file work22.cif (mmCIF, C-alpha atoms and all ligand atoms)
data_upload
#
loop_
_atom_site.label_atom_id
_atom_site.label_comp_id
_atom_site.auth_asym_id
_atom_site.auth_seq_id
_atom_site.Cartn_x
_atom_site.Cartn_y
_atom_site.Cartn_z
CA MET A 1 61.90 -35.60 -0.31
CA LYS A 2 59.91 -32.43 0.16
CA ALA A 3 56.85 -32.01 -2.10
CA VAL A 4 53.72 -29.92 -2.51
CA VAL A 5 50.71 -32.25 -2.52
CA VAL A 6 46.96 -31.98 -3.08
CA LYS A 7 44.13 -34.47 -2.58
CA PRO A 8 41.90 -34.10 -5.62
CA PRO A 9 39.11 -33.52 -6.20
CA GLY A 10 39.01 -32.05 -2.69
CA ALA A 11 40.40 -28.64 -1.78
CA GLY A 12 43.62 -28.14 0.21
CA VAL A 13 47.38 -28.11 -0.24
CA TRP A 14 50.20 -29.46 1.93
CA ILE A 15 53.98 -29.31 1.98
CA LYS A 16 55.36 -32.60 3.31
CA GLU A 17 58.00 -35.30 3.04
CA VAL A 18 57.03 -37.92 0.47
CA GLN A 19 58.56 -41.16 -0.79
CA ASP A 20 60.25 -40.82 -4.18
CA PRO A 21 57.33 -41.90 -6.37
CA GLY A 22 59.75 -43.70 -8.71
CA ASP A 23 58.68 -42.15 -11.99
CA PRO A 24 58.09 -44.84 -14.62
CA GLN A 25 61.04 -45.37 -16.97
CA GLY A 26 62.66 -42.07 -16.10
CA ARG A 27 66.29 -42.40 -17.17
CA VAL A 28 67.24 -38.79 -16.52
CA ARG A 29 67.52 -37.70 -12.88
CA ILE A 30 66.65 -34.05 -12.42
CA ARG A 31 66.93 -31.76 -9.42
CA THR A 32 64.19 -29.15 -9.33
CA LEU A 33 65.41 -25.54 -9.41
CA GLU A 34 62.13 -23.68 -9.69
CA THR A 35 58.44 -24.21 -10.33
CA GLY A 36 55.84 -21.75 -11.57
CA ILE A 37 52.27 -21.28 -10.42
CA CYS A 38 49.35 -20.74 -12.77
CA GLY A 39 45.57 -20.48 -12.54
CA THR A 40 45.23 -24.24 -13.00
CA ASP A 41 47.25 -24.90 -9.83
CA ARG A 42 45.06 -22.54 -7.84
CA GLU A 43 41.89 -24.12 -9.20
CA ILE A 44 43.18 -27.54 -8.13
CA VAL A 45 44.19 -26.24 -4.69
CA ASN A 46 40.78 -24.68 -4.21
CA GLY A 47 38.95 -27.82 -5.37
CA ARG A 48 37.47 -26.13 -8.42
CA ARG A 49 39.10 -28.21 -11.19
CA LEU A 50 36.81 -31.25 -11.13
CA THR A 51 38.78 -33.24 -13.72
CA THR A 52 41.83 -33.46 -11.45
CA SER A 53 42.85 -36.93 -10.32
CA PRO A 54 45.74 -38.52 -8.38
CA PRO A 55 47.93 -41.24 -9.95
CA PRO A 56 46.18 -44.66 -10.01
CA GLY A 57 45.89 -46.27 -6.58
CA ARG A 58 46.87 -43.10 -4.69
CA GLU A 59 45.03 -40.37 -2.82
CA GLU A 60 47.63 -37.65 -3.14
CA LEU A 61 48.95 -35.93 -6.22
CA ILE A 62 52.17 -33.94 -6.38
CA LEU A 63 51.26 -30.53 -7.80
CA GLY A 64 53.08 -28.48 -10.45
CA HIS A 65 53.37 -28.46 -14.23
CA GLU A 66 55.75 -25.52 -14.81
CA ALA A 67 59.31 -26.44 -13.85
CA ILE A 68 62.98 -25.94 -14.53
CA GLY A 69 65.50 -28.43 -13.26
CA VAL A 70 69.16 -29.34 -13.59
CA VAL A 71 70.22 -32.76 -14.82
CA GLU A 72 72.12 -34.76 -12.18
CA GLU A 73 72.30 -38.07 -14.03
CA GLY A 74 72.08 -37.82 -17.80
CA ASP A 75 71.65 -40.30 -20.62
CA GLY A 76 73.84 -39.02 -23.47
CA ILE A 77 71.36 -36.54 -24.93
CA PHE A 78 71.04 -34.68 -21.67
CA ARG A 79 74.23 -34.23 -19.67
CA GLU A 80 74.91 -33.46 -16.06
CA GLY A 81 74.44 -29.72 -15.51
CA ASP A 82 72.00 -29.16 -18.40
CA LEU A 83 69.02 -26.98 -17.59
CA VAL A 84 65.77 -28.67 -18.64
CA MET A 85 62.02 -28.08 -18.70
CA PRO A 86 59.52 -30.97 -18.78
CA VAL A 87 56.60 -31.23 -21.21
CA ASN A 88 53.52 -31.44 -18.98
CA ARG A 89 50.95 -33.46 -20.97
CA ARG A 90 51.88 -37.06 -21.83
CA PRO A 91 50.32 -39.60 -24.23
CA CYS A 92 47.52 -42.11 -23.60
CA GLY A 93 49.55 -44.76 -25.44
CA LYS A 94 46.58 -45.76 -27.57
CA CYS A 95 45.51 -43.12 -30.07
CA LEU A 96 47.37 -42.07 -33.22
CA ASN A 97 47.84 -38.45 -32.20
CA CYS A 98 49.44 -39.53 -28.93
CA LYS A 99 51.63 -42.04 -30.78
CA ALA A 100 52.79 -39.18 -33.01
CA GLY A 101 53.82 -37.10 -30.00
CA ARG A 102 50.73 -34.92 -30.01
CA PRO A 103 48.70 -35.73 -26.89
CA ASP A 104 47.34 -32.17 -27.13
CA TYR A 105 44.99 -33.78 -29.68
CA CYS A 106 44.52 -37.05 -27.74
CA GLU A 107 41.44 -38.84 -29.05
CA THR A 108 40.72 -41.11 -26.10
CA GLY A 109 40.90 -38.39 -23.45
CA GLN A 110 43.12 -40.77 -21.45
CA PHE A 111 46.25 -38.59 -21.71
CA VAL A 112 47.91 -37.75 -18.38
CA GLN A 113 49.02 -34.31 -17.23
CA ALA A 114 51.73 -33.71 -14.67
CA GLY A 115 50.36 -32.12 -11.53
CA ALA A 116 46.78 -32.33 -12.80
CA ASN A 117 45.62 -35.62 -14.28
CA SER A 118 46.87 -38.98 -12.95
CA LEU A 119 50.56 -38.06 -13.09
CA ASP A 120 52.71 -36.52 -10.36
CA GLY A 121 53.84 -32.99 -11.00
CA PHE A 122 57.17 -31.25 -10.40
CA MET A 123 56.72 -29.43 -7.09
CA ARG A 124 59.22 -31.77 -5.41
CA GLU A 125 62.97 -31.84 -4.93
CA TYR A 126 63.73 -34.41 -7.66
CA TRP A 127 62.07 -36.16 -10.53
CA ASN A 128 63.08 -38.75 -13.14
CA ASP A 129 62.08 -38.37 -16.74
CA GLU A 130 62.46 -39.65 -20.27
CA PRO A 131 64.54 -37.56 -22.68
CA LYS A 132 61.61 -37.31 -25.10
CA TYR A 133 59.68 -35.25 -22.55
CA LEU A 134 62.51 -32.83 -21.82
CA VAL A 135 63.46 -29.57 -23.49
CA LYS A 136 66.76 -27.73 -23.01
CA VAL A 137 66.60 -24.33 -21.36
CA PRO A 138 69.08 -21.74 -22.71
CA PRO A 139 70.97 -20.48 -19.62
CA ALA A 140 70.78 -16.91 -20.96
CA VAL A 141 67.01 -16.78 -20.37
CA ARG A 142 66.93 -18.74 -17.13
CA GLU A 143 65.55 -15.76 -15.16
CA PHE A 144 62.18 -15.90 -16.96
CA ALA A 145 62.41 -19.27 -18.77
CA ILE A 146 59.61 -20.61 -16.57
CA LEU A 147 57.35 -18.67 -18.97
CA ALA A 148 58.20 -21.25 -21.65
CA GLN A 149 55.54 -23.67 -20.38
CA PRO A 150 52.59 -21.25 -20.63
CA LEU A 151 54.19 -19.89 -23.80
CA ALA A 152 54.23 -23.40 -25.28
CA ASP A 153 50.44 -23.46 -24.86
CA VAL A 154 50.30 -20.09 -26.64
CA GLU A 155 52.68 -21.20 -29.44
CA LYS A 156 50.46 -24.21 -30.09
CA SER A 157 47.38 -21.94 -30.06
CA VAL A 158 48.77 -19.50 -32.61
CA GLU A 159 49.89 -22.39 -34.82
CA GLU A 160 46.35 -23.74 -34.65
CA ILE A 161 44.78 -20.36 -35.45
CA LEU A 162 47.08 -19.93 -38.46
CA THR A 163 46.20 -23.45 -39.61
CA VAL A 164 42.49 -22.63 -39.41
CA GLN A 165 43.08 -19.41 -41.35
CA GLY A 166 44.95 -21.38 -43.99
CA ARG A 167 41.41 -21.80 -45.38
CA LEU A 168 41.64 -18.33 -46.96
CA ILE A 169 44.15 -15.67 -47.94
CA TRP A 170 45.01 -14.05 -44.63
CA ASN A 171 48.35 -12.52 -45.59
CA CYS A 172 48.30 -8.85 -46.52
CA GLU A 173 49.75 -7.12 -49.56
CA ASP A 174 53.17 -6.90 -47.93
CA GLY A 175 53.15 -10.66 -47.43
CA THR A 176 52.81 -10.37 -43.61
CA LEU A 177 49.79 -10.19 -41.30
CA SER A 178 50.21 -6.42 -40.86
CA CYS A 179 46.63 -5.61 -41.97
CA ARG A 180 45.10 -8.11 -39.53
CA LYS A 181 43.83 -6.86 -36.23
CA ALA A 182 43.92 -9.08 -33.15
CA LEU A 183 42.32 -8.58 -29.75
CA VAL A 184 43.61 -10.45 -26.71
CA ILE A 185 41.13 -10.36 -23.84
CA GLY A 186 42.97 -10.47 -20.53
CA THR A 187 46.37 -9.19 -19.42
CA GLY A 188 47.56 -12.05 -17.21
CA THR A 189 50.49 -14.31 -18.14
CA THR A 190 48.62 -15.95 -21.02
CA GLY A 191 47.16 -12.73 -22.38
CA LEU A 192 50.52 -10.98 -22.40
CA LEU A 193 52.27 -13.96 -24.01
CA PHE A 194 49.59 -14.08 -26.74
CA ALA A 195 50.10 -10.36 -27.34
CA LEU A 196 53.88 -10.75 -27.67
CA LEU A 197 53.58 -13.71 -30.01
CA LEU A 198 50.89 -12.19 -32.24
CA LYS A 199 53.00 -9.03 -32.44
CA THR A 200 55.94 -11.25 -33.46
CA GLU A 201 53.68 -12.64 -36.21
CA GLY A 202 53.31 -9.05 -37.42
CA MET A 203 49.68 -8.38 -36.48
CA GLU A 204 48.20 -5.16 -35.12
CA VAL A 205 47.58 -6.24 -31.54
CA TRP A 206 45.10 -4.90 -29.00
CA VAL A 207 44.87 -6.11 -25.43
CA SER A 208 41.93 -5.52 -23.15
CA ASN A 209 40.99 -5.57 -19.51
CA ARG A 210 38.01 -4.19 -17.60
CA ARG A 211 40.15 -1.52 -15.97
CA GLU A 212 42.85 0.98 -16.85
CA PRO A 213 46.38 -0.44 -17.24
CA ARG A 214 48.74 -0.35 -14.27
CA GLU A 215 51.89 1.73 -14.62
CA TRP A 216 54.19 -1.20 -15.41
CA GLU A 217 51.64 -2.61 -17.89
CA ALA A 218 51.46 0.70 -19.74
CA LYS A 219 55.28 0.59 -20.03
CA VAL A 220 55.16 -2.95 -21.46
CA PHE A 221 52.43 -1.99 -23.95
CA GLN A 222 54.56 0.92 -25.08
CA GLU A 223 57.74 -1.12 -25.36
CA VAL A 224 56.08 -3.83 -27.45
CA GLY A 225 53.74 -1.52 -29.40
CA LEU A 226 50.43 -2.89 -28.13
CA ASN A 227 47.15 -0.98 -28.11
CA PHE A 228 45.09 -1.08 -24.92
CA LEU A 229 41.32 -1.11 -24.68
CA ASN A 230 39.37 -0.73 -21.43
CA SER A 231 36.49 -3.11 -22.10
CA SER A 232 34.40 -2.15 -19.07
CA LYS A 233 32.19 -0.25 -21.52
CA GLY A 234 32.42 -2.74 -24.42
CA TYR A 235 34.88 -2.80 -27.31
CA GLY A 236 34.25 0.75 -28.43
CA GLY A 237 32.99 -0.21 -31.87
CA GLU A 238 36.32 -1.82 -32.80
CA SER A 239 36.24 -5.07 -34.79
CA PHE A 240 38.88 -7.76 -35.14
CA ASP A 241 40.11 -10.54 -37.43
CA LEU A 242 41.15 -12.57 -34.41
CA ILE A 243 39.94 -12.51 -30.83
CA VAL A 244 41.56 -14.64 -28.15
CA GLU A 245 39.78 -15.13 -24.84
CA ALA A 246 42.52 -15.33 -22.21
CA SER A 247 40.91 -13.58 -19.26
CA GLY A 248 39.66 -16.59 -17.34
CA SER A 249 36.70 -14.54 -16.20
CA THR A 250 33.19 -15.49 -17.35
CA ALA A 251 31.64 -17.36 -20.27
CA ALA A 252 29.60 -14.20 -21.01
CA VAL A 253 32.82 -12.65 -22.36
CA VAL A 254 32.67 -15.14 -25.25
CA GLY A 255 29.30 -13.78 -26.36
CA GLU A 256 30.50 -10.17 -26.14
CA ALA A 257 33.59 -11.01 -28.18
CA LEU A 258 31.65 -12.75 -30.96
CA SER A 259 29.84 -9.56 -31.89
CA SER A 260 33.18 -7.80 -32.52
CA LEU A 261 34.48 -10.46 -34.89
CA ARG A 262 35.00 -9.47 -38.53
CA ARG A 263 34.13 -11.53 -41.59
CA ASN A 264 36.33 -14.68 -41.81
CA GLY A 265 37.46 -13.95 -38.27
CA VAL A 266 38.42 -16.51 -35.64
CA LEU A 267 37.55 -16.58 -31.97
CA GLY A 268 40.06 -18.62 -30.00
CA LEU A 269 38.96 -19.88 -26.59
CA PHE A 270 41.87 -20.48 -24.26
CA SER A 271 40.89 -19.94 -20.64
CA PHE A 272 38.45 -21.82 -18.46
CA PRO A 273 35.63 -19.46 -17.48
CA ARG A 274 34.32 -19.81 -13.96
CA GLU A 275 30.67 -18.90 -14.33
CA GLU A 276 27.86 -17.48 -16.47
CA SER A 277 27.03 -18.47 -20.04
CA PHE A 278 26.53 -17.14 -23.53
CA SER A 279 23.92 -18.03 -26.08
CA LEU A 280 23.33 -17.42 -29.77
CA ASP A 281 19.82 -16.82 -31.04
CA HIS A 282 18.89 -17.52 -34.67
CA ARG A 283 20.14 -14.10 -35.77
CA GLY A 284 23.46 -14.76 -34.09
CA VAL A 285 23.81 -18.13 -35.83
CA GLN A 286 22.91 -16.56 -39.19
CA THR A 287 25.54 -13.85 -38.72
CA PHE A 288 28.13 -16.43 -37.69
CA VAL A 289 27.42 -18.47 -40.85
CA MET A 290 27.29 -15.48 -43.19
CA ARG A 291 30.57 -14.14 -41.81
CA ALA A 292 32.28 -17.55 -42.18
CA ASN A 293 33.48 -17.24 -38.60
CA ALA A 294 35.26 -19.96 -36.67
CA ILE A 295 35.51 -20.71 -32.97
CA VAL A 296 38.37 -22.91 -31.90
CA GLY A 297 39.37 -24.39 -28.54
CA LEU A 298 43.07 -23.91 -27.74
CA VAL A 299 44.65 -26.34 -25.33
CA ASN A 300 48.14 -27.53 -24.39
CA GLY A 301 51.46 -27.05 -26.13
CA GLN A 302 53.75 -29.97 -26.92
CA LYS A 303 57.50 -30.43 -27.39
CA PRO A 304 57.82 -28.50 -30.68
CA HIS A 305 56.03 -25.60 -29.01
CA PHE A 306 58.28 -25.68 -25.93
CA GLN A 307 61.28 -25.53 -28.26
CA ARG A 308 59.84 -22.57 -30.17
CA ALA A 309 58.98 -20.92 -26.85
CA MET A 310 62.67 -21.04 -25.80
CA VAL A 311 63.68 -19.41 -29.09
CA HIS A 312 61.06 -16.67 -28.76
CA LEU A 313 61.99 -15.93 -25.14
CA SER A 314 65.61 -15.59 -26.26
CA ALA A 315 64.62 -13.18 -29.04
CA TRP A 316 62.26 -11.15 -26.86
CA ASN A 317 65.03 -10.84 -24.29
CA SER A 318 66.84 -8.71 -26.90
CA ILE A 319 63.96 -6.74 -28.38
CA TRP A 320 61.55 -6.38 -25.41
CA PRO A 321 63.73 -7.04 -22.33
CA ASN A 322 61.46 -5.13 -19.96
CA ALA A 323 58.31 -7.01 -21.06
CA VAL A 324 59.58 -10.52 -20.35
CA ARG A 325 61.22 -9.52 -17.08
CA SER A 326 58.28 -7.65 -15.65
CA MET A 327 56.13 -10.75 -16.02
CA ILE A 328 57.96 -12.46 -13.14
CA THR A 329 56.37 -10.60 -10.25
CA LYS A 330 57.35 -12.75 -7.26
CA VAL A 331 59.80 -15.45 -6.20
CA VAL A 332 59.07 -17.41 -3.01
CA SER A 333 61.58 -19.77 -1.36
CA VAL A 334 60.27 -23.27 -0.77
CA ARG A 335 61.60 -22.92 2.78
CA ASP A 336 59.03 -20.19 3.42
CA GLU A 337 56.23 -22.74 3.66
CA GLY A 338 53.52 -20.37 4.87
CA GLU A 339 54.12 -18.07 1.92
CA VAL A 340 54.19 -20.99 -0.55
CA ILE A 341 50.78 -22.12 0.68
CA ARG A 342 49.47 -18.57 0.49
CA VAL A 343 50.58 -17.96 -3.11
CA LEU A 344 49.13 -21.33 -4.11
CA ARG A 345 45.76 -20.49 -2.58
CA GLU A 346 45.17 -17.07 -4.03
CA LYS A 347 46.28 -14.59 -6.61
CA VAL A 348 47.16 -11.17 -5.29
CA ARG A 349 46.20 -8.09 -7.33
CA GLY A 350 48.86 -7.16 -9.85
CA GLU A 351 50.57 -10.54 -9.71
CA ILE A 352 51.60 -12.14 -13.01
CA LYS A 353 53.99 -15.08 -12.69
CA VAL A 354 54.96 -16.33 -9.23
CA LYS A 355 57.84 -18.80 -8.95
CA ILE A 356 58.82 -21.14 -6.13
CA ASP A 357 62.59 -21.34 -5.69
CA TRP A 358 63.69 -24.89 -4.76
CA THR A 359 67.42 -24.21 -4.40
C1 LIG B 1 48.42 -25.95 -18.82
C2 LIG B 1 48.12 -26.64 -20.12
C3 LIG B 1 47.03 -27.67 -19.89
C4 LIG B 1 45.80 -26.93 -19.39
C5 LIG B 1 44.60 -27.81 -19.18
C6 LIG B 1 47.16 -25.32 -18.28
O1 LIG B 1 47.41 -24.76 -17.03
O2 LIG B 1 49.41 -24.99 -18.97
O3 LIG B 1 49.27 -27.21 -20.68
O4 LIG B 1 46.76 -28.41 -21.04
O5 LIG B 1 46.12 -26.27 -18.16
O6 LIG B 1 44.75 -28.71 -18.14
ZN ZN B 2 49.29 -23.88 -16.45
ZN ZN B 3 45.69 -40.29 -26.88
#

call {"tool": "encode", "arguments": {"input": "work22.cif", "output": "structure tokens"}}
result
Amino acid sequence: MKAVVVKPPGAGVWIKEVQDPGDPQGRVRIRTLETGICGTDREIVNGRRLTTSPPPGREELILGHEAIGVVEEGDGIFREGDLVMPVNRRPCGKCLNCKAGRPDYCETGQFVQAGANSLDGFMREYWNDEPKYLVKVPPAVREFAILAQPLADVEKSVEEILTVQGRLIWNCEDGTLSCRKALVIGTGTTGLLFALLLKTEGMEVWVSNRREPREWEAKVFQEVGLNFLNSSKGYGGESFDLIVEASGSTAAVVGEALSSLRRNGVLGLFSFPREESFSLDHRGVQTFVMRANAIVGLVNGQKPHFQRAMVHLSAWNSIWPNAVRSMITKVVSVRDEGEVIRVLREKVRGEIKVKIDWT
């Protein structure tokens, strides 16, 4: 079958015929309908994600961790014709968190990730899977349901932030989070999904970028009720109860964000910065302690988060239809191989989510 392959940790990407890798124990046969591309894929393709590895005993890895497929051979739970999305990170088989279905908190570090760490991904015509790693896709949101994988990461992140803030009274007098101010740094797929979800949680949400918003972005911000901040000159004296770093730019951003964090505030680190650093001198540490701040790393959503993501996409389709739709900025046919390679190599200005159509 046709597949998109990489040779980690080296750079490069190829579209070629491969043998069916015979996925271990996969009882459900799925035909791929579409796959999404994210920053992780491009880092792998460009040889920048050093932790990437092929499956044991192989040199090539099939890329792709965002996918929607249709079941061709079911198992009772999943029937022929069902639309499904796979969970991308899978357990190490050893630690308690993995045994409880939460490899996002794997303790051995030996979890596998489709299309990234020792497990073939979904950029191929077919794959086989176990029902426990599959989530049903509501046909009504099919057009943008590919967002459910990155949204699962975001759902897990917000759950984690709320768990951390369970240490104090974070609700406001009206019982919601309406008096809490959140800043999301970055307006890519992840940043926008964080903004939508935090807004759903009832917070006052600000999003920032180092430039003015594009026309379509301004429309989305207005539709959802988001405030925009051009951070090229700092955060304008604003302070926040929650700051989420989702820009994928530099580590220096983390240091800038810390100084805008309110007492009891949380800084959530989501993206993988490419360069630079931040440091805290003794004054910075003292302030951090005195303000009872928390920094938390946010990685990988699991099955409960994929399920919640499907529900939220369905709800947002009714209340913010323009926002979810405008996040799919390009669809490339897998037959257009040159274009597939190009979109995998680089992000074009203004692009949010690019999908590869396998039909
Ligand atoms: C994926 C996450 C994954 C992370 C780290 C992201 O692109 O969406 O699920 O855990 O990369 O590899
Ligand atoms: Zn991703
Ligand atoms: Zn584990």

call {"tool": "residues_around", "arguments": {"input": "work22.cif", "residues": "segment 91-94 of chain A", "least_positions_apart": "3", "cutoff": "10 Å", "atoms": "only C-alpha atoms", "output": "PyMOL selection string"}}
result
chain A and resi 97-113

call {"tool": "residues_around", "arguments": {"input": "work22.cif", "residues": "Thr32 of chain A", "least_positions_apart": "2", "cutoff": "10 Å", "atoms": "all atoms listed in the file", "output": "VMD selection string"}}
result
chain A and resid 29 to 30 34 to 35 67 to 71 83 to 85 122 to 127 357 to 359

call {"tool": "atom_distance", "arguments": {"input": "work22.cif", "atom1": "atom CA of Ala195 of chain A", "atom2": "atom CA of Trp316 of chain A"}}
result
12.2 Å

call {"tool": "closest_atom_pairs", "arguments": {"input": "work22.cif", "of": "segment 240-306 of chain A", "to": "segment 183-186 of chain A", "cutoff": "9 Å", "atoms": "all atoms listed in the file", "output": "tab-separated table"}}
result
residue	atom	partner	partner_atom	distance
A:Phe240	CA	A:Leu183	CA	6.4
A:Asp241	CA	A:Leu183	CA	8.2
A:Leu242	CA	A:Leu183	CA	6.2
A:Ile243	CA	A:Leu183	CA	4.7
A:Val244	CA	A:Val184	CA	4.9
A:Glu245	CA	A:Ile185	CA	5.1
A:Ala246	CA	A:Gly186	CA	5.2
A:Ser247	CA	A:Gly186	CA	3.9
A:Gly248	CA	A:Gly186	CA	7.7
A:Ser249	CA	A:Gly186	CA	8.6
A:Val253	CA	A:Ile185	CA	8.7
A:Ala257	CA	A:Ile185	CA	8.7

call {"tool": "residues_near_ligand", "arguments": {"input": "work22.cif", "ligand": "ligand ZN 2 (chain B)", "cutoff": "9 Å", "atoms": "all atoms listed in the file", "output": "list in words"}}
result
Gly36, Ile37, Cys38, Gly39, Thr40, Asp41, Gly64, His65, Glu66, Gln149, Pro150, Asp153 and Asn300 of chain A

call {"tool": "atom_distance", "arguments": {"input": "work22.cif", "atom1": "atom CA of Val289 of chain A", "atom2": "atom CA of Ser178 of chain A"}}
result
25.8 Å

call {"tool": "atom_distance", "arguments": {"input": "work22.cif", "atom1": "atom CA of Glu339 of chain A", "atom2": "atom CA of Ile356 of chain A"}}
result
9.8 Å

call {"tool": "residues_around", "arguments": {"input": "work22.cif", "residues": "Asp75 of chain A", "least_positions_apart": "6", "cutoff": "12 Å", "atoms": "all atoms listed in the file", "output": "MDAnalysis selection string"}}
result
chainID A and resid 26:30 82 128:132 134

call {"tool": "closest_residue", "arguments": {"input": "work22.cif", "among": "A:Val154, A:Val348, A:Val6, A:Leu162", "to": "ligand LIG 1 (chain B)", "atoms": "all atoms listed in the file"}}
result
A:Val154

call {"tool": "closest_residue", "arguments": {"input": "work22.cif", "among": "A:Lys7, A:Gln19, A:Glu276, A:Arg89", "to": "ligand ZN 3 (chain B)", "atoms": "all atoms listed in the file"}}
result
A:Arg89

call {"tool": "residues_around", "arguments": {"input": "work22.cif", "residues": "Asn264 of chain A", "least_positions_apart": "6", "cutoff": "8 Å", "atoms": "all atoms listed in the file", "output": "number ranges by chain"}}
result
A: 241, 291-294

call {"tool": "build_atoms", "arguments": {"input": "work22.cif", "residues": "segment 215-233 of chain A", "atoms": "N, CA and C atoms", "output": "compact mmCIF listing (two decimals), in the frame of the given file"}}
result
# COMPACT_ATOMS: atom_id res chain seq x y z
N GLU A 215 50.76 0.98 -14.08
CA GLU A 215 51.89 1.73 -14.62
C GLU A 215 52.86 0.81 -15.38
N TRP A 216 53.21 -0.31 -14.77
CA TRP A 216 54.19 -1.20 -15.41
C TRP A 216 53.61 -1.82 -16.68
N GLU A 217 52.27 -2.05 -16.68
CA GLU A 217 51.64 -2.61 -17.89
C GLU A 217 51.72 -1.61 -19.03
N ALA A 218 51.41 -0.35 -18.71
CA ALA A 218 51.46 0.70 -19.74
C ALA A 218 52.86 0.76 -20.37
N LYS A 219 53.89 0.57 -19.53
CA LYS A 219 55.28 0.59 -20.03
C LYS A 219 55.51 -0.58 -21.00
N VAL A 220 55.00 -1.77 -20.61
CA VAL A 220 55.16 -2.95 -21.46
C VAL A 220 54.43 -2.73 -22.79
N PHE A 221 53.21 -2.21 -22.72
CA PHE A 221 52.43 -1.99 -23.95
C PHE A 221 53.18 -1.05 -24.88
N GLN A 222 53.82 -0.04 -24.26
CA GLN A 222 54.56 0.92 -25.08
C GLN A 222 55.81 0.29 -25.68
N GLU A 223 56.51 -0.49 -24.88
CA GLU A 223 57.74 -1.12 -25.36
C GLU A 223 57.46 -2.05 -26.54
N VAL A 224 56.37 -2.82 -26.43
CA VAL A 224 56.08 -3.83 -27.45
C VAL A 224 55.27 -3.24 -28.62
N GLY A 225 54.59 -2.12 -28.36
CA GLY A 225 53.74 -1.52 -29.40
C GLY A 225 52.36 -2.15 -29.43
N LEU A 226 51.77 -2.31 -28.24
CA LEU A 226 50.43 -2.89 -28.13
C LEU A 226 49.42 -1.77 -27.86
N ASN A 227 48.22 -1.94 -28.39
CA ASN A 227 47.15 -0.98 -28.11
C ASN A 227 46.33 -1.52 -26.95
N PHE A 228 45.89 -0.63 -26.07
CA PHE A 228 45.09 -1.08 -24.92
C PHE A 228 43.66 -0.59 -25.03
N LEU A 229 42.74 -1.45 -24.64
CA LEU A 229 41.32 -1.11 -24.68
C LEU A 229 40.69 -1.45 -23.33
N ASN A 230 40.09 -0.46 -22.68
CA ASN A 230 39.37 -0.73 -21.43
C ASN A 230 37.96 -1.22 -21.81
N SER A 231 37.72 -2.50 -21.59
CA SER A 231 36.49 -3.11 -22.10
C SER A 231 35.32 -3.01 -21.12
N SER A 232 35.50 -2.23 -20.05
CA SER A 232 34.40 -2.15 -19.07
C SER A 232 33.15 -1.53 -19.72
N LYS A 233 33.36 -0.80 -20.82
CA LYS A 233 32.19 -0.25 -21.52
C LYS A 233 32.08 -0.84 -22.92
